[in-house]
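Structure data follow from model-v7.txt (compact mmCIF, C-alpha atoms):
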# COMPACT_ATOMS: atom_id res chain seq x y z
CA MET S 1 88.92 -63.97 31.51
CA ILE S 2 86.11 -61.41 31.44
CA ARG S 3 86.99 -58.49 29.16
CA VAL S 4 85.60 -55.09 30.21
CA LEU S 5 85.42 -51.71 28.46
CA LEU S 6 85.06 -48.58 30.62
CA ALA S 7 83.16 -45.56 29.30
CA ASP S 8 83.06 -42.45 31.50
CA ASP S 9 84.15 -38.87 30.87
CA GLN S 10 85.76 -38.57 34.31
CA VAL S 11 89.36 -39.76 34.35
CA LEU S 12 89.38 -40.46 38.08
CA VAL S 13 86.22 -42.57 37.85
CA ARG S 14 87.75 -44.68 35.08
CA ALA S 15 91.00 -45.04 37.01
CA GLY S 16 89.19 -46.16 40.13
CA PHE S 17 87.08 -48.70 38.27
CA ARG S 18 90.12 -50.03 36.39
CA MET S 19 92.08 -50.51 39.60
CA LEU S 20 89.19 -52.33 41.24
CA LEU S 21 88.32 -54.52 38.25
CA GLU S 22 91.92 -55.56 37.60
CA SER S 23 92.33 -56.54 41.25
CA ALA S 24 90.20 -59.57 40.36
CA ASP S 25 91.91 -62.57 38.80
CA ASP S 26 89.12 -63.18 36.28
CA ILE S 27 88.59 -59.63 34.94
CA THR S 28 90.69 -57.43 32.66
CA VAL S 29 90.06 -53.94 31.25
CA VAL S 30 90.60 -53.84 27.47
CA GLY S 31 89.98 -50.15 26.91
CA GLU S 32 88.74 -46.80 28.21
CA ALA S 33 86.53 -44.21 26.53
CA ALA S 34 85.77 -40.62 27.53
CA ASN S 35 82.66 -40.33 25.35
CA GLY S 36 80.03 -42.53 23.75
CA GLY S 37 81.46 -42.34 20.25
CA THR S 38 84.82 -43.64 21.41
CA ALA S 39 83.05 -46.33 23.44
CA VAL S 40 81.28 -47.62 20.35
CA ALA S 41 84.51 -47.58 18.32
CA LEU S 42 86.44 -49.43 21.04
CA ALA S 43 83.62 -51.93 21.49
CA ARG S 44 83.79 -52.74 17.77
CA GLU S 45 87.57 -53.04 17.97
CA HIS S 46 87.82 -55.20 21.10
CA ALA S 47 84.39 -56.93 21.30
CA PRO S 48 84.41 -56.85 25.13
CA ASP S 49 82.19 -59.10 27.23
CA VAL S 50 80.91 -56.16 29.29
CA VAL S 51 80.78 -52.39 28.78
CA LEU S 52 80.39 -50.22 31.88
CA MET S 53 78.69 -47.16 30.38
CA ASP S 54 78.23 -43.75 31.97
CA LEU S 55 74.96 -42.21 30.78
CA HIS S 56 76.05 -38.58 30.61
CA MET S 57 79.08 -38.06 28.39
CA PRO S 58 79.99 -35.36 25.85
CA GLU S 59 79.46 -35.66 22.09
CA VAL S 60 77.67 -39.01 22.12
CA ASP S 61 75.71 -39.84 25.28
CA GLY S 62 75.55 -43.22 26.98
CA VAL S 63 72.03 -44.09 25.81
CA THR S 64 72.93 -43.51 22.16
CA ALA S 65 76.14 -45.48 22.56
CA THR S 66 74.22 -48.32 24.23
CA ARG S 67 71.74 -48.41 21.34
CA LEU S 68 74.55 -48.55 18.78
CA ILE S 69 76.37 -51.35 20.60
CA ALA S 70 73.22 -53.37 21.29
CA GLY S 71 72.13 -52.99 17.67
CA ASP S 72 75.43 -54.11 16.13
CA PRO S 73 75.25 -57.80 15.08
CA ARG S 74 79.02 -58.05 15.51
CA LEU S 75 78.58 -57.24 19.21
CA ALA S 76 75.76 -59.68 19.92
CA ALA S 77 77.73 -61.18 22.82
CA THR S 78 78.61 -57.80 24.37
CA ARG S 79 76.51 -56.66 27.33
CA VAL S 80 76.14 -53.06 28.49
CA VAL S 81 75.71 -52.09 32.14
CA VAL S 82 74.87 -48.41 32.61
CA LEU S 83 76.29 -46.38 35.47
CA THR S 84 73.80 -43.98 36.97
CA THR S 85 73.03 -41.69 39.88
CA PHE S 86 70.12 -41.75 42.30
CA ASP S 87 68.10 -39.11 40.40
CA ASP S 88 68.46 -40.42 36.85
CA ASP S 89 65.46 -42.73 36.49
CA GLN S 90 64.30 -41.51 33.08
CA THR S 91 67.69 -42.07 31.47
CA VAL S 92 67.95 -45.50 33.10
CA PHE S 93 64.70 -46.54 31.46
CA SER S 94 65.86 -45.15 28.11
CA ALA S 95 69.06 -47.18 28.43
CA LEU S 96 67.16 -50.39 29.27
CA ARG S 97 64.92 -49.77 26.29
CA ALA S 98 68.03 -49.17 24.13
CA GLY S 99 69.42 -52.58 25.05
CA ALA S 100 71.30 -52.28 28.34
CA SER S 101 71.44 -55.45 30.40
CA GLY S 102 71.15 -53.62 33.70
CA PHE S 103 72.33 -50.70 35.77
CA LEU S 104 74.46 -49.78 38.77
CA VAL S 105 74.67 -46.62 40.82
CA LYS S 106 78.10 -45.04 40.70
CA ASP S 107 78.87 -45.43 44.40
CA VAL S 108 78.42 -49.20 44.21
CA GLU S 109 80.39 -51.22 46.74
CA PRO S 110 83.55 -52.80 45.27
CA GLU S 111 82.46 -56.41 45.70
CA GLU S 112 79.04 -55.64 44.21
CA LEU S 113 80.68 -54.17 41.11
CA LEU S 114 82.85 -57.24 40.60
CA GLN S 115 79.91 -59.57 41.08
CA ALA S 116 77.78 -57.45 38.72
CA VAL S 117 80.36 -57.79 35.95
CA ARG S 118 80.44 -61.56 36.44
CA VAL S 119 76.64 -61.82 36.41
CA VAL S 120 76.27 -59.89 33.16
CA ALA S 121 79.23 -61.64 31.51
CA ARG S 122 77.57 -65.01 31.96
CA GLY S 123 74.46 -63.74 30.19
CA ASP S 124 72.17 -62.83 33.08
CA ALA S 125 70.43 -59.48 33.47
CA LEU S 126 71.51 -57.19 36.29
CA LEU S 127 68.11 -56.31 37.67
CA SER S 128 66.66 -55.64 41.09
CA PRO S 129 62.92 -56.19 40.60
CA SER S 130 61.96 -53.76 43.36
CA VAL S 131 63.80 -50.96 41.56
CA THR S 132 63.53 -51.88 37.90
CA LYS S 133 59.80 -52.62 38.13
CA ALA S 134 59.17 -49.15 39.54
CA VAL S 135 61.24 -47.46 36.82
CA ILE S 136 59.72 -49.38 33.93
CA SER S 137 56.11 -49.35 35.06
CA ALA S 138 56.19 -45.59 35.63
CA PHE S 139 57.55 -44.79 32.20
CA ALA S 140 55.62 -47.45 30.31
CA SER S 141 52.41 -45.93 31.64
CA GLY S 142 53.52 -42.37 30.90
CA GLY S 143 53.84 -41.49 34.58
CA GLN S 144 56.53 -39.65 36.46
CA PRO S 145 59.80 -41.39 37.29
CA PRO S 146 60.02 -43.08 40.69
CA ASP S 147 62.92 -42.65 43.04
CA LEU S 148 65.92 -44.99 42.83
CA ARG S 149 67.00 -44.08 46.36
CA ALA S 150 65.15 -47.14 47.62
CA SER S 151 68.08 -49.24 46.49
CA ARG S 152 71.78 -48.52 46.22
CA VAL S 153 72.37 -51.02 43.45
CA ALA S 154 70.59 -53.58 41.33
CA SER S 155 72.36 -56.23 43.32
CA PRO S 156 73.00 -59.62 41.74
CA ALA S 157 73.97 -61.13 45.06
CA SER S 158 71.02 -60.10 47.18
CA GLY S 159 68.56 -62.69 45.93
CA ARG S 160 65.08 -61.77 44.74
CA PRO S 161 63.86 -58.72 46.65
CA GLU S 162 60.24 -58.61 47.74
CA SER S 163 58.19 -56.67 45.19
CA SER S 164 54.58 -55.99 44.46
CA LYS S 165 53.00 -57.36 41.32
CA GLY S 166 52.59 -54.96 38.46
CA SER S 167 49.31 -54.10 36.84
CA GLY S 168 50.56 -54.18 33.28
CA GLY S 169 51.62 -51.31 31.07
CA SER S 170 51.06 -49.78 27.71
CA SER S 171 53.26 -49.53 24.67
CA GLY S 172 53.46 -45.76 24.93
CA GLY S 173 53.09 -45.46 21.16
CA ARG S 174 55.85 -47.87 20.27
CA ALA S 175 55.32 -50.34 17.44
CA VAL S 176 54.09 -53.68 18.75
CA PRO S 177 56.73 -56.40 18.20
CA PRO S 178 55.63 -58.83 15.46
CA GLY S 179 56.30 -61.78 17.75
CA LEU S 180 54.00 -60.57 20.52
CA ALA S 181 50.89 -62.14 19.00
CA SER S 182 52.68 -65.46 18.54
CA LEU S 183 53.44 -65.90 22.24
CA THR S 184 51.59 -68.82 23.75
CA ASP S 185 49.63 -68.35 26.97
CA ARG S 186 52.38 -70.15 28.88
CA GLU S 187 55.08 -67.97 27.31
CA ARG S 188 53.13 -64.84 28.27
CA GLU S 189 52.89 -66.17 31.81
CA VAL S 190 56.62 -66.87 31.90
CA VAL S 191 57.49 -63.38 30.64
CA GLY S 192 55.37 -61.96 33.45
CA LEU S 193 57.25 -64.07 35.98
CA VAL S 194 60.58 -62.90 34.56
CA ALA S 195 59.35 -59.34 35.11
CA GLU S 196 58.71 -60.23 38.75
CA GLY S 197 62.37 -61.18 39.05
CA LEU S 198 62.02 -64.95 39.18
CA SER S 199 64.91 -67.12 38.05
CA ASN S 200 64.35 -70.12 35.78
CA ASP S 201 64.40 -72.43 38.80
CA GLU S 202 61.84 -70.28 40.63
CA ILE S 203 59.63 -70.18 37.54
CA ALA S 204 59.88 -73.96 37.29
CA ARG S 205 58.76 -74.41 40.90
CA LYS S 206 55.89 -71.95 40.53
CA LEU S 207 54.59 -73.58 37.33
CA VAL S 208 55.43 -77.13 38.49
CA VAL S 209 57.61 -77.86 35.47
CA SER S 210 61.27 -78.79 35.07
CA PRO S 211 63.93 -76.05 35.06
CA LEU S 212 64.78 -77.06 31.49
CA THR S 213 61.17 -76.50 30.44
CA ALA S 214 61.13 -73.10 32.13
CA LYS S 215 64.38 -72.16 30.40
CA THR S 216 62.93 -73.26 27.07
CA HIS S 217 59.85 -71.05 27.54
CA VAL S 218 62.07 -68.07 28.41
CA SER S 219 64.32 -68.70 25.41
CA ARG S 220 61.39 -69.01 23.02
CA ALA S 221 59.84 -65.80 24.32
CA MET S 222 63.15 -63.99 23.90
CA THR S 223 63.43 -65.26 20.33
CA LYS S 224 59.87 -64.27 19.40
CA LEU S 225 60.26 -60.80 20.90
CA ASN S 226 63.80 -60.38 19.58
CA ALA S 227 64.98 -59.65 23.12
CA ARG S 228 68.71 -59.66 23.80
CA ASP S 229 68.34 -60.84 27.39
CA ARG S 230 66.04 -60.99 30.39
CA ALA S 231 66.30 -57.23 30.91
CA GLN S 232 64.62 -56.72 27.56
CA LEU S 233 61.90 -59.20 28.50
CA VAL S 234 61.16 -57.08 31.56
CA VAL S 235 60.82 -53.98 29.38
CA PHE S 236 58.46 -55.81 27.02
CA ALA S 237 56.42 -57.17 29.91
CA TYR S 238 55.65 -53.70 31.28
CA GLU S 239 55.21 -51.96 27.96
CA TYR S 240 52.82 -54.51 26.51
CA GLY S 241 50.82 -55.59 29.54
CA LEU S 242 52.33 -59.01 30.16
CA THR S 243 52.71 -58.53 33.90
CA SER S 244 50.34 -60.22 36.32
CA GLY S 245 47.85 -58.05 38.09
Give the structure from the file, written as structure tokens.
Amino acid sequence: MIRVLLADDQVLVRAGFRMLLESADDITVVGEAANGGTAVALAREHAPDVVLMDLHMPEVDGVTATRLIAGDPRLAATRVVVLTTFDDDQTVFSALRAGASGFLVKDVEPEELLQAVRVVARGDALLSPSVTKAVISAFASGGQPPDLRASRVASPASGRPESSKGSGGSSGGRAVPPGLASLTDREREVVGLVAEGLSNDEIARKLVVSPLTAKTHVSRAMTKLNARDRAQLVVFAYEYGLTSG
């Protein structure tokens, strides 16, 4: 059973999400929070598999709450999916940088929400390369935020959308991760392919290696960069110029 925590300051939004989530046989809602502080407290109490986190809440906002949850060793298995609106690109990037495993727009279709929860619960990142790449590359290079209207949701069920290759990014003043220099050339290449949205199987086919080898390269890169999941690898790829150009 997938255990979900809801964090949103709107009662009707939480009620609607709870009704939808609990209509599925494999999902249960373990708690509800009206602000980020309560979300963090409930996450520590219940250790949910997935937190659906609104970004704009009173007292403690969603980005801060995401950072606190992602940074708590006791919640290493908990994944945060942020709920956003079409015009909230900057906060989405901040949430991904803080440790979120992906994002959804609030008017997501019911089946897409259920599938998104399942995707994140099994440890995968909820990313649509065509959207996430635009958000991350714009902010990593200090540019203006792009428009999320090009996609309704970072859909886990839509396959790998067509996307243009990035040209690399800059760290924007952030400290360079100690493990960056220790990445092998192959690991750097694999991180770039993750940023393009390729799965382990697709990476394996592109590099003509076994899926197990591709998975090993991804895992080693995550360990060296201290990345929680593939979403964090995407952030690193754009901030530190690991994308192909």
Enumerate, as a VMD selection string, the protein, DNA and RNA residues whose atoms approach (74.3, -43.3, 26.6) to within 12 Å, taking into account only C-alpha atoms and the coordinate frame of the file.
chain S and resid 7 to 9 34 to 40 51 to 70 80 to 84 91 to 100 103
Convert the current residue selection to file output with C-alpha atoms, as a CSV table (one decimal), in the frame of the given file.
chain,number,residue,atom,x,y,z
S,7,ALA,CA,83.2,-45.6,29.3
S,8,ASP,CA,83.1,-42.4,31.5
S,9,ASP,CA,84.2,-38.9,30.9
S,34,ALA,CA,85.8,-40.6,27.5
S,35,ASN,CA,82.7,-40.3,25.4
S,36,GLY,CA,80.0,-42.5,23.8
S,37,GLY,CA,81.5,-42.3,20.2
S,38,THR,CA,84.8,-43.6,21.4
S,39,ALA,CA,83.0,-46.3,23.4
S,40,VAL,CA,81.3,-47.6,20.4
S,51,VAL,CA,80.8,-52.4,28.8
S,52,LEU,CA,80.4,-50.2,31.9
S,53,MET,CA,78.7,-47.2,30.4
S,54,ASP,CA,78.2,-43.8,32.0
S,55,LEU,CA,75.0,-42.2,30.8
S,56,HIS,CA,76.0,-38.6,30.6
S,57,MET,CA,79.1,-38.1,28.4
S,58,PRO,CA,80.0,-35.4,25.8
S,59,GLU,CA,79.5,-35.7,22.1
S,60,VAL,CA,77.7,-39.0,22.1
S,61,ASP,CA,75.7,-39.8,25.3
S,62,GLY,CA,75.6,-43.2,27.0
S,63,VAL,CA,72.0,-44.1,25.8
S,64,THR,CA,72.9,-43.5,22.2
S,65,ALA,CA,76.1,-45.5,22.6
S,66,THR,CA,74.2,-48.3,24.2
S,67,ARG,CA,71.7,-48.4,21.3
S,68,LEU,CA,74.6,-48.6,18.8
S,69,ILE,CA,76.4,-51.4,20.6
S,70,ALA,CA,73.2,-53.4,21.3
S,80,VAL,CA,76.1,-53.1,28.5
S,81,VAL,CA,75.7,-52.1,32.1
S,82,VAL,CA,74.9,-48.4,32.6
S,83,LEU,CA,76.3,-46.4,35.5
S,84,THR,CA,73.8,-44.0,37.0
S,91,THR,CA,67.7,-42.1,31.5
S,92,VAL,CA,68.0,-45.5,33.1
S,93,PHE,CA,64.7,-46.5,31.5
S,94,SER,CA,65.9,-45.2,28.1
S,95,ALA,CA,69.1,-47.2,28.4
S,96,LEU,CA,67.2,-50.4,29.3
S,97,ARG,CA,64.9,-49.8,26.3
S,98,ALA,CA,68.0,-49.2,24.1
S,99,GLY,CA,69.4,-52.6,25.0
S,100,ALA,CA,71.3,-52.3,28.3
S,103,PHE,CA,72.3,-50.7,35.8
Write out as JSON an axis-aligned box for range 110-126 of chain S: all of its atoms listed in the file, 3 Å added on each side, centre and edge lengths in Å with one decimal.
{"center_x": 77.0, "center_y": -58.9, "center_z": 37.9, "size_x": 19.1, "size_y": 18.2, "size_z": 21.5}
For CA of Leu242 in chain S and CA of Val119 in chain S, quote the distance in Å rounded to one decimal.
25.3 Å
The residue from S:Arg205, S:Glu32, S:Arg3, S:Leu198 with the smallest atom-to-atom distance to Ala15 in chain S, counting all atoms listed in the file, is S:Glu32
Pick the closest to Gln10 in chain S from S:Ala33, S:Val234, S:Ser199, S:Val194: which is it, counting all atoms listed in the file?
S:Ala33
